[in-house]
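Below: run_24.pdb (PDB, N, CA and C atoms and all ligand atoms)
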```pdb
ATOM      1  N   MET A   1       5.709  -6.345   3.405
ATOM      2  CA  MET A   1       4.968  -6.322   2.138
ATOM      3  C   MET A   1       4.010  -7.496   2.015
ATOM      4  N   LYS A   2       4.406  -8.632   2.594
ATOM      5  CA  LYS A   2       3.522  -9.803   2.545
ATOM      6  C   LYS A   2       2.167  -9.479   3.164
ATOM      7  N   GLU A   3       2.213  -8.853   4.334
ATOM      8  CA  GLU A   3       0.957  -8.544   5.004
ATOM      9  C   GLU A   3       0.179  -7.491   4.217
ATOM     10  N   VAL A   4       0.890  -6.516   3.669
ATOM     11  CA  VAL A   4       0.231  -5.491   2.853
ATOM     12  C   VAL A   4      -0.509  -6.158   1.696
ATOM     13  N   GLN A   5       0.140  -7.157   1.101
ATOM     14  CA  GLN A   5      -0.479  -7.849  -0.033
ATOM     15  C   GLN A   5      -1.762  -8.572   0.384
ATOM     16  N   GLU A   6      -1.712  -9.254   1.532
ATOM     17  CA  GLU A   6      -2.904  -9.962   2.018
ATOM     18  C   GLU A   6      -4.048  -8.990   2.266
ATOM     19  N   LEU A   7      -3.700  -7.866   2.881
ATOM     20  CA  LEU A   7      -4.720  -6.875   3.199
ATOM     21  C   LEU A   7      -5.313  -6.284   1.930
ATOM     22  N   GLN A   8      -4.426  -5.984   0.979
ATOM     23  CA  GLN A   8      -4.892  -5.424  -0.291
ATOM     24  C   GLN A   8      -5.812  -6.424  -0.985
ATOM     25  N   GLY A   9      -5.510  -7.715  -0.857
ATOM     26  CA  GLY A   9      -6.359  -8.762  -1.430
ATOM     27  C   GLY A   9      -7.756  -8.735  -0.829
ATOM     28  N   LYS A  10      -7.818  -8.580   0.482
ATOM     29  CA  LYS A  10      -9.118  -8.509   1.163
ATOM     30  C   LYS A  10      -9.894  -7.284   0.713
ATOM     31  N   ILE A  11      -9.164  -6.157   0.620
ATOM     32  CA  ILE A  11      -9.812  -4.912   0.218
ATOM     33  C   ILE A  11     -10.408  -5.070  -1.184
ATOM     34  N   ARG A  12      -9.642  -5.692  -2.071
ATOM     35  CA  ARG A  12     -10.125  -5.904  -3.436
ATOM     36  C   ARG A  12     -11.387  -6.752  -3.455
ATOM     37  N   LYS A  13     -11.432  -7.742  -2.564
ATOM     38  CA  LYS A  13     -12.599  -8.638  -2.538
ATOM     39  C   LYS A  13     -13.716  -8.088  -1.676
ATOM     40  N   ASN A  14     -13.513  -6.867  -1.154
ATOM     41  CA  ASN A  14     -14.545  -6.263  -0.326
ATOM     42  C   ASN A  14     -14.777  -7.001   0.984
ATOM     43  N   VAL A  15     -13.720  -7.595   1.533
ATOM     44  CA  VAL A  15     -13.809  -8.320   2.795
ATOM     45  C   VAL A  15     -13.081  -7.514   3.874
ATOM     46  N   GLU A  16     -13.735  -7.246   4.970
ATOM     47  CA  GLU A  16     -13.112  -6.534   6.094
ATOM     48  C   GLU A  16     -12.355  -5.289   5.623
ATOM     49  N   VAL A  17     -12.991  -4.506   4.790
ATOM     50  CA  VAL A  17     -12.309  -3.367   4.175
ATOM     51  C   VAL A  17     -11.841  -2.350   5.222
ATOM     52  N   GLU A  18     -12.716  -2.004   6.153
ATOM     53  CA  GLU A  18     -12.357  -0.968   7.113
ATOM     54  C   GLU A  18     -11.152  -1.410   7.958
ATOM     55  N   ALA A  19     -11.218  -2.614   8.531
ATOM     56  CA  ALA A  19     -10.130  -3.093   9.383
ATOM     57  C   ALA A  19      -8.843  -3.255   8.578
ATOM     58  N   SER A  20      -8.952  -3.777   7.364
ATOM     59  CA  SER A  20      -7.762  -3.988   6.537
ATOM     60  C   SER A  20      -7.104  -2.663   6.184
ATOM     61  N   ALA A  21      -7.918  -1.684   5.819
ATOM     62  CA  ALA A  21      -7.366  -0.381   5.438
ATOM     63  C   ALA A  21      -6.677   0.279   6.629
ATOM     64  N   LYS A  22      -7.265   0.111   7.814
ATOM     65  CA  LYS A  22      -6.640   0.680   9.012
ATOM     66  C   LYS A  22      -5.270   0.057   9.248
ATOM     67  N   ARG A  23      -5.192  -1.235   9.065
ATOM     68  CA  ARG A  23      -3.935  -1.951   9.271
ATOM     69  C   ARG A  23      -2.899  -1.514   8.215
ATOM     70  N   VAL A  24      -3.358  -1.319   6.969
ATOM     71  CA  VAL A  24      -2.439  -0.847   5.928
ATOM     72  C   VAL A  24      -1.879   0.522   6.318
ATOM     73  N   ALA A  25      -2.745   1.389   6.848
ATOM     74  CA  ALA A  25      -2.282   2.718   7.251
ATOM     75  C   ALA A  25      -1.230   2.598   8.356
ATOM     76  N   GLU A  26      -1.438   1.638   9.266
ATOM     77  CA  GLU A  26      -0.474   1.424  10.342
ATOM     78  C   GLU A  26       0.865   0.953   9.791
ATOM     79  N   LEU A  27       0.788  -0.055   8.923
ATOM     80  CA  LEU A  27       2.013  -0.570   8.305
ATOM     81  C   LEU A  27       2.693   0.532   7.519
ATOM     82  N   GLY A  28       1.877   1.429   6.949
ATOM     83  CA  GLY A  28       2.412   2.532   6.168
ATOM     84  C   GLY A  28       3.392   3.380   6.970
ATOM     85  N   LYS A  29       3.146   3.489   8.285
ATOM     86  CA  LYS A  29       4.050   4.282   9.115
ATOM     87  C   LYS A  29       5.452   3.664   9.157
ATOM     88  N   ASP A  30       5.491   2.334   9.250
ATOM     89  CA  ASP A  30       6.791   1.650   9.234
ATOM     90  C   ASP A  30       7.448   1.801   7.869
ATOM     91  N   ILE A  31       6.625   1.675   6.823
ATOM     92  CA  ILE A  31       7.164   1.809   5.468
ATOM     93  C   ILE A  31       7.730   3.215   5.280
ATOM     94  N   GLU A  32       6.988   4.196   5.792
ATOM     95  CA  GLU A  32       7.450   5.583   5.663
ATOM     96  C   GLU A  32       8.759   5.789   6.436
ATOM     97  N   ALA A  33       8.834   5.227   7.650
ATOM     98  CA  ALA A  33      10.044   5.385   8.455
ATOM     99  C   ALA A  33      11.246   4.788   7.721
ATOM    100  N   PHE A  34      10.996   3.660   7.060
ATOM    101  CA  PHE A  34      12.075   3.002   6.322
ATOM    102  C   PHE A  34      12.577   3.879   5.173
ATOM    103  N   TRP A  35      11.634   4.511   4.471
ATOM    104  CA  TRP A  35      12.022   5.260   3.267
ATOM    105  C   TRP A  35      12.406   6.707   3.529
ATOM    106  N   ALA A  36      12.032   7.234   4.675
ATOM    107  CA  ALA A  36      12.233   8.661   4.936
ATOM    108  C   ALA A  36      13.662   9.116   4.625
ATOM    109  N   LYS A  37      14.638   8.306   5.018
ATOM    110  CA  LYS A  37      16.027   8.725   4.821
ATOM    111  C   LYS A  37      16.617   8.203   3.526
ATOM    112  N   ARG A  38      15.889   7.311   2.848
ATOM    113  CA  ARG A  38      16.481   6.666   1.680
ATOM    114  C   ARG A  38      16.096   7.299   0.357
ATOM    115  N   SER A  39      14.828   7.699   0.249
ATOM    116  CA  SER A  39      14.393   8.141  -1.072
ATOM    117  C   SER A  39      13.172   9.045  -0.980
ATOM    118  N   GLU A  40      13.169  10.072  -1.798
ATOM    119  CA  GLU A  40      12.026  10.980  -1.813
ATOM    120  C   GLU A  40      10.799  10.310  -2.384
ATOM    121  N   THR A  41      10.986   9.559  -3.468
ATOM    122  CA  THR A  41       9.849   8.856  -4.083
ATOM    123  C   THR A  41       9.249   7.876  -3.087
ATOM    124  N   GLY A  42      10.116   7.129  -2.416
ATOM    125  CA  GLY A  42       9.650   6.148  -1.447
ATOM    126  C   GLY A  42       8.889   6.804  -0.313
ATOM    127  N   ALA A  43       9.429   7.906   0.188
ATOM    128  CA  ALA A  43       8.789   8.599   1.295
ATOM    129  C   ALA A  43       7.439   9.164   0.857
ATOM    130  N   LYS A  44       7.401   9.699  -0.362
ATOM    131  CA  LYS A  44       6.149  10.277  -0.850
ATOM    132  C   LYS A  44       5.103   9.178  -1.057
ATOM    133  N   SER A  45       5.494   8.076  -1.698
ATOM    134  CA  SER A  45       4.541   6.980  -1.905
ATOM    135  C   SER A  45       4.014   6.478  -0.567
ATOM    136  N   SER A  46       4.884   6.426   0.442
ATOM    137  CA  SER A  46       4.451   5.945   1.753
ATOM    138  C   SER A  46       3.410   6.886   2.352
ATOM    139  N   LYS A  47       3.669   8.190   2.218
ATOM    140  CA  LYS A  47       2.707   9.172   2.735
ATOM    141  C   LYS A  47       1.373   9.035   2.012
ATOM    142  N   ASP A  48       1.444   8.900   0.669
ATOM    143  CA  ASP A  48       0.221   8.747  -0.127
ATOM    144  C   ASP A  48      -0.518   7.482   0.280
ATOM    145  N   LEU A  49       0.259   6.416   0.551
ATOM    146  CA  LEU A  49      -0.339   5.149   0.961
ATOM    147  C   LEU A  49      -1.119   5.323   2.273
ATOM    148  N   ILE A  50      -0.518   6.005   3.232
ATOM    149  CA  ILE A  50      -1.188   6.224   4.515
ATOM    150  C   ILE A  50      -2.470   7.042   4.304
ATOM    151  N   ALA A  51      -2.357   8.110   3.496
ATOM    152  CA  ALA A  51      -3.514   8.976   3.257
ATOM    153  C   ALA A  51      -4.641   8.190   2.588
ATOM    154  N   ALA A  52      -4.301   7.386   1.564
ATOM    155  CA  ALA A  52      -5.316   6.633   0.833
ATOM    156  C   ALA A  52      -5.955   5.570   1.731
ATOM    157  N   ALA A  53      -5.126   4.886   2.532
ATOM    158  CA  ALA A  53      -5.650   3.834   3.399
ATOM    159  C   ALA A  53      -6.551   4.432   4.478
ATOM    160  N   THR A  54      -6.158   5.598   4.999
ATOM    161  CA  THR A  54      -6.975   6.258   6.009
ATOM    162  C   THR A  54      -8.323   6.678   5.423
ATOM    163  N   ALA A  55      -8.284   7.236   4.205
ATOM    164  CA  ALA A  55      -9.515   7.652   3.531
ATOM    165  C   ALA A  55     -10.408   6.435   3.261
ATOM    166  N   LEU A  56      -9.774   5.339   2.875
ATOM    167  CA  LEU A  56     -10.525   4.122   2.570
ATOM    168  C   LEU A  56     -11.209   3.569   3.822
ATOM    169  N   ALA A  57     -10.485   3.572   4.945
ATOM    170  CA  ALA A  57     -11.064   3.071   6.192
ATOM    171  C   ALA A  57     -12.288   3.909   6.570
ATOM    172  N   LYS A  58     -12.166   5.222   6.392
ATOM    173  CA  LYS A  58     -13.262   6.127   6.706
ATOM    174  C   LYS A  58     -14.460   5.849   5.805
ATOM    175  N   ALA A  59     -14.177   5.732   4.497
ATOM    176  CA  ALA A  59     -15.234   5.496   3.523
ATOM    177  C   ALA A  59     -15.956   4.188   3.832
ATOM    178  N   ALA A  60     -15.171   3.152   4.191
ATOM    179  CA  ALA A  60     -15.766   1.856   4.487
ATOM    180  C   ALA A  60     -16.616   1.944   5.753
ATOM    181  N   GLY A  61     -16.120   2.717   6.737
ATOM    182  CA  GLY A  61     -16.866   2.894   7.967
ATOM    183  C   GLY A  61     -18.203   3.564   7.709
ATOM    184  N   ALA A  62     -18.225   4.461   6.727
ATOM    185  CA  ALA A  62     -19.436   5.207   6.410
ATOM    186  C   ALA A  62     -20.256   4.510   5.324
ATOM    187  N   ASN A  63     -19.754   3.357   4.846
ATOM    188  CA  ASN A  63     -20.430   2.620   3.789
ATOM    189  C   ASN A  63     -20.661   3.458   2.529
ATOM    190  N   ASP A  64     -19.714   4.300   2.229
ATOM    191  CA  ASP A  64     -19.814   5.198   1.084
ATOM    192  C   ASP A  64     -19.167   4.532  -0.143
ATOM    193  N   GLU A  65     -20.004   3.901  -0.948
ATOM    194  CA  GLU A  65     -19.511   3.098  -2.074
ATOM    195  C   GLU A  65     -18.582   3.868  -3.008
ATOM    196  N   ALA A  66     -18.993   5.090  -3.384
ATOM    197  CA  ALA A  66     -18.207   5.876  -4.332
ATOM    198  C   ALA A  66     -16.834   6.201  -3.757
ATOM    199  N   ALA A  67     -16.824   6.592  -2.484
ATOM    200  CA  ALA A  67     -15.556   6.948  -1.842
ATOM    201  C   ALA A  67     -14.677   5.710  -1.657
ATOM    202  N   ILE A  68     -15.307   4.555  -1.399
ATOM    203  CA  ILE A  68     -14.538   3.321  -1.248
ATOM    204  C   ILE A  68     -13.802   3.031  -2.556
ATOM    205  N   LYS A  69     -14.527   3.180  -3.661
ATOM    206  CA  LYS A  69     -13.947   2.919  -4.973
ATOM    207  C   LYS A  69     -12.781   3.862  -5.251
ATOM    208  N   ASP A  70     -13.022   5.160  -5.021
ATOM    209  CA  ASP A  70     -12.002   6.174  -5.301
ATOM    210  C   ASP A  70     -10.740   5.960  -4.463
ATOM    211  N   SER A  71     -10.921   5.783  -3.158
ATOM    212  CA  SER A  71      -9.732   5.657  -2.323
ATOM    213  C   SER A  71      -9.055   4.310  -2.547
ATOM    214  N   GLY A  72      -9.838   3.292  -2.925
ATOM    215  CA  GLY A  72      -9.239   2.003  -3.265
ATOM    216  C   GLY A  72      -8.319   2.145  -4.466
ATOM    217  N   LYS A  73      -8.772   2.907  -5.451
ATOM    218  CA  LYS A  73      -7.966   3.152  -6.649
ATOM    219  C   LYS A  73      -6.696   3.916  -6.289
ATOM    220  N   LEU A  74      -6.873   4.948  -5.477
ATOM    221  CA  LEU A  74      -5.723   5.738  -5.023
ATOM    222  C   LEU A  74      -4.695   4.849  -4.332
ATOM    223  N   LEU A  75      -5.199   3.980  -3.468
ATOM    224  CA  LEU A  75      -4.316   3.099  -2.709
ATOM    225  C   LEU A  75      -3.495   2.231  -3.658
ATOM    226  N   GLY A  76      -4.181   1.636  -4.641
ATOM    227  CA  GLY A  76      -3.479   0.803  -5.620
ATOM    228  C   GLY A  76      -2.395   1.583  -6.354
ATOM    229  N   GLY A  77      -2.679   2.859  -6.639
ATOM    230  CA  GLY A  77      -1.709   3.698  -7.335
ATOM    231  C   GLY A  77      -0.448   3.918  -6.518
ATOM    232  N   THR A  78      -0.597   4.007  -5.196
ATOM    233  CA  THR A  78       0.582   4.232  -4.361
ATOM    234  C   THR A  78       1.481   3.004  -4.363
ATOM    235  N   CYS A  79       0.883   1.808  -4.418
ATOM    236  CA  CYS A  79       1.691   0.579  -4.499
ATOM    237  C   CYS A  79       2.536   0.658  -5.761
ATOM    238  N   ARG A  80       1.853   0.981  -6.874
ATOM    239  CA  ARG A  80       2.545   0.978  -8.146
ATOM    240  C   ARG A  80       3.659   2.005  -8.213
ATOM    241  N   SER A  81       3.408   3.226  -7.711
ATOM    242  CA  SER A  81       4.431   4.266  -7.894
ATOM    243  C   SER A  81       5.703   3.900  -7.135
ATOM    244  N   CYS A  82       5.565   3.291  -5.973
ATOM    245  CA  CYS A  82       6.780   2.911  -5.256
ATOM    246  C   CYS A  82       7.435   1.687  -5.910
ATOM    247  N   HIS A  83       6.631   0.735  -6.337
ATOM    248  CA  HIS A  83       7.213  -0.460  -6.966
ATOM    249  C   HIS A  83       7.973  -0.098  -8.238
ATOM    250  N   ASP A  84       7.377   0.791  -9.044
ATOM    251  CA  ASP A  84       8.051   1.196 -10.287
ATOM    252  C   ASP A  84       9.429   1.773  -9.973
ATOM    253  N   ALA A  85       9.500   2.549  -8.901
ATOM    254  CA  ALA A  85      10.758   3.218  -8.588
ATOM    255  C   ALA A  85      11.723   2.325  -7.817
ATOM    256  N   HIS A  86      11.197   1.467  -6.952
ATOM    257  CA  HIS A  86      12.080   0.828  -5.974
ATOM    258  C   HIS A  86      12.027  -0.679  -5.880
ATOM    259  N   ARG A  87      11.211  -1.313  -6.704
ATOM    260  CA  ARG A  87      11.145  -2.756  -6.598
ATOM    261  C   ARG A  87      11.767  -3.385  -7.834
ATOM    262  N   GLU A  88      12.660  -4.309  -7.591
ATOM    263  CA  GLU A  88      13.308  -4.970  -8.709
ATOM    264  C   GLU A  88      12.962  -6.447  -8.683
ATOM    265  N   ARG A  89      12.550  -6.969  -9.843
ATOM    266  CA  ARG A  89      12.173  -8.371  -9.916
ATOM    267  C   ARG A  89      13.436  -9.185 -10.141
ATOM    268  N   VAL A  90      13.686 -10.152  -9.269
ATOM    269  CA  VAL A  90      14.903 -10.941  -9.412
ATOM    270  C   VAL A  90      14.594 -12.401  -9.700
ATOM    271  N   GLY A  91      13.311 -12.735  -9.798
ATOM    272  CA  GLY A  91      12.940 -14.115 -10.120
ATOM    273  C   GLY A  91      11.446 -14.279 -10.004
ATOM    274  N   GLU A  92      10.975 -15.517 -10.168
ATOM    275  CA  GLU A  92       9.554 -15.815 -10.065
ATOM    276  C   GLU A  92       9.054 -15.435  -8.667
ATOM    277  N   ASN A  93       8.223 -14.370  -8.598
ATOM    278  CA  ASN A  93       7.705 -13.921  -7.305
ATOM    279  C   ASN A  93       8.774 -13.554  -6.284
ATOM    280  N   VAL A  94       9.944 -13.211  -6.754
ATOM    281  CA  VAL A  94      11.001 -12.775  -5.841
ATOM    282  C   VAL A  94      11.408 -11.353  -6.224
ATOM    283  N   TYR A  95      11.400 -10.487  -5.236
ATOM    284  CA  TYR A  95      11.710  -9.088  -5.498
ATOM    285  C   TYR A  95      12.730  -8.589  -4.498
ATOM    286  N   LYS A  96      13.454  -7.557  -4.910
ATOM    287  CA  LYS A  96      14.301  -6.921  -3.912
ATOM    288  C   LYS A  96      14.166  -5.397  -4.012
ATOM    289  N   ILE A  97      14.732  -4.758  -3.022
ATOM    290  CA  ILE A  97      14.657  -3.295  -2.965
ATOM    291  C   ILE A  97      15.755  -2.712  -3.821
ATOM    292  N   LYS A  98      15.424  -1.709  -4.620
ATOM    293  CA  LYS A  98      16.509  -1.054  -5.359
ATOM    294  C   LYS A  98      16.485   0.451  -5.066
TER     295      LYS A  98
HETATM  296  C1  LIG B   1       7.202   3.036  -0.407
HETATM  297  C2  LIG B   1       7.382   1.901  -1.237
HETATM  298  C3  LIG B   1       6.330   0.815  -1.392
HETATM  299  C4  LIG B   1       4.966   0.936  -1.299
HETATM  300  C5  LIG B   1       4.131   2.174  -1.028
HETATM  301  C6  LIG B   1       4.428  -0.391  -1.544
HETATM  302  N1  LIG B   1       5.453  -1.288  -1.777
HETATM  303 FE1  LIG B   1       5.255  -3.305  -2.136
HETATM  304  N2  LIG B   1       7.294  -3.483  -2.296
HETATM  305  C7  LIG B   1       8.199  -2.461  -2.150
HETATM  306  C8  LIG B   1       9.556  -2.987  -2.330
HETATM  307  C9  LIG B   1      10.838  -2.182  -2.237
HETATM  308  C10 LIG B   1       9.434  -4.366  -2.585
HETATM  309  C11 LIG B   1      10.558  -5.378  -2.854
HETATM  310  C12 LIG B   1      11.274  -5.776  -1.610
HETATM  311  C13 LIG B   1      10.407  -6.473  -0.644
HETATM  312  O1  LIG B   1       9.764  -7.466  -1.027
HETATM  313  O2  LIG B   1      10.340  -6.058   0.522
HETATM  314  C14 LIG B   1       7.993  -4.656  -2.565
HETATM  315  C15 LIG B   1       7.434  -5.911  -2.758
HETATM  316  C16 LIG B   1       6.077  -6.181  -2.810
HETATM  317  C17 LIG B   1       5.529  -7.485  -3.143
HETATM  318  C18 LIG B   1       6.312  -8.723  -3.519
HETATM  319  C19 LIG B   1       6.258  -9.784  -2.484
HETATM  320  C20 LIG B   1       7.142  -9.486  -1.338
HETATM  321  O3  LIG B   1       6.660  -9.479  -0.193
HETATM  322  O4  LIG B   1       8.335  -9.272  -1.554
HETATM  323  C21 LIG B   1       4.172  -7.359  -3.076
HETATM  324  C22 LIG B   1       3.137  -8.422  -3.346
HETATM  325  C23 LIG B   1       3.875  -5.981  -2.707
HETATM  326  N3  LIG B   1       5.065  -5.284  -2.570
HETATM  327  C24 LIG B   1       2.613  -5.477  -2.547
HETATM  328  C25 LIG B   1       2.316  -4.127  -2.270
HETATM  329  C26 LIG B   1       0.966  -3.575  -2.210
HETATM  330  C27 LIG B   1      -0.304  -4.377  -2.455
HETATM  331  C28 LIG B   1       1.114  -2.244  -1.933
HETATM  332  C29 LIG B   1       0.025  -1.176  -1.761
HETATM  333  C30 LIG B   1      -1.133  -1.433  -0.943
HETATM  334  C31 LIG B   1       2.531  -1.947  -1.815
HETATM  335  N4  LIG B   1       3.225  -3.117  -2.028
HETATM  336  C32 LIG B   1       3.061  -0.695  -1.548
HETATM  337  C33 LIG B   1       7.910  -1.134  -1.887
HETATM  338  C34 LIG B   1       6.630  -0.595  -1.702
END
```
Final structure tokens representation of the file:
Amino acid sequence: MKEVQELQGKIRKNVEVEASAKRVAELGKDIEAFWAKRSETGAKSSKDLIAAATALAKAAGANDEAAIKDSGKLLGGTCRSCHDAHRERVGENVYKIK
């Protein structure tokens, strides 16, 4: 998640968007593998994350501003849907899986 956060930060700032999105999609495969047997919500969010990151990388490669915005928004939504379901705050900047 740490690396996902760094990448998402770059994407937000419009820095290395294509490369960052590709890496997020890659990490998404590990995230999906982790959740596949544990939770339907987790598995679905992971799939959505991969789809959004892949779309974002494509949009960035094509320099398509509108598509970059749309898929960036989608990507952010996938973070939230999994966090709402599976992330528990246990302290200042400390989270665990629930
Ligand atoms: C399929 C589930 C899932 C998805 C999708 C997901 N996260 Fe997480 N995230 C978690 C869980 C569970 C935790 C808490 C445990 C942990 O930190 O590993 C977490 C923790 C975090 C943390 C707290 C710091 C840390 O490393 O513990 C950050 C920041 C974070 N996620 C960012 C993101 C961003 C940005 C995205 C989207 C680009 C994202 N996450 C997508 C499940 C997910």
Have a look at atom C of Ala51 in chain A and atom C34 of ligand LIG 1 (chain B) and let me know their distance in Å, one decimal.
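Taking atom C of Ala51 in chain A and atom C34 of ligand LIG 1 (chain B), their separation equals 14.9 Å.
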Would you mind listing the residues within 8 Å of ligand LIG 1 (chain B), counting only N, CA and C atoms and all ligand atoms, as an NGL selection string?
:A and (1-9 or 24 or 28 or 31-32 or 34-35 or 41-50 or 74-89 or 93-98)
Residue list as a CSV table (one decimal) with N, CA and C atoms, in the frame of the given file for point (-13.9, 0.0, 2.1), cut-off 6 Å, only N, CA and C atoms:
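Okay, this is what ended up in part-v2.csv:
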```csv
chain,number,residue,atom,x,y,z
A,17,VAL,N,-13.0,-4.5,4.8
A,17,VAL,CA,-12.3,-3.4,4.2
A,17,VAL,C,-11.8,-2.4,5.2
A,18,GLU,N,-12.7,-2.0,6.2
A,18,GLU,CA,-12.4,-1.0,7.1
A,18,GLU,C,-11.2,-1.4,8.0
A,56,LEU,N,-9.8,5.3,2.9
A,56,LEU,CA,-10.5,4.1,2.6
A,56,LEU,C,-11.2,3.6,3.8
A,57,ALA,N,-10.5,3.6,4.9
A,57,ALA,CA,-11.1,3.1,6.2
A,57,ALA,C,-12.3,3.9,6.6
A,59,ALA,N,-14.2,5.7,4.5
A,59,ALA,CA,-15.2,5.5,3.5
A,59,ALA,C,-16.0,4.2,3.8
A,60,ALA,N,-15.2,3.2,4.2
A,60,ALA,CA,-15.8,1.9,4.5
A,60,ALA,C,-16.6,1.9,5.8
A,61,GLY,N,-16.1,2.7,6.7
A,61,GLY,CA,-16.9,2.9,8.0
A,61,GLY,C,-18.2,3.6,7.7
A,68,ILE,N,-15.3,4.6,-1.4
A,68,ILE,CA,-14.5,3.3,-1.2
A,68,ILE,C,-13.8,3.0,-2.6
```
Find the spatial neighbours of Ala25 in chain A, counting only N, CA and C atoms, within a cut-off of 8 Å - ignore same-chain residues fewer than 4 positions away - and output them as an NGL selection string.
:A and (19-21 or 29-30 or 49-54)
Rounded to one decimal in Å, what is the spacing between CA of Lys22 in chain A and CA of Ala55 in chain A?
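Going from CA of Lys22 in chain A over to CA of Ala55 in chain A, I get 9.3 Å.
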Give me, please, the distance in Å between atom C of Arg23 in chain A and atom C of Gly72 in chain A, quoted to one decimal.
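Separation between atom C of Arg23 in chain A and atom C of Gly72 in chain A: 14.3 Å.
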Extract the full set of alpha helix (DSSP H) residues from chain A according to DSSP on the backbone, and format it as a PyMOL selection string.
chain A and resi 2-12+17-36+40-61+65-86
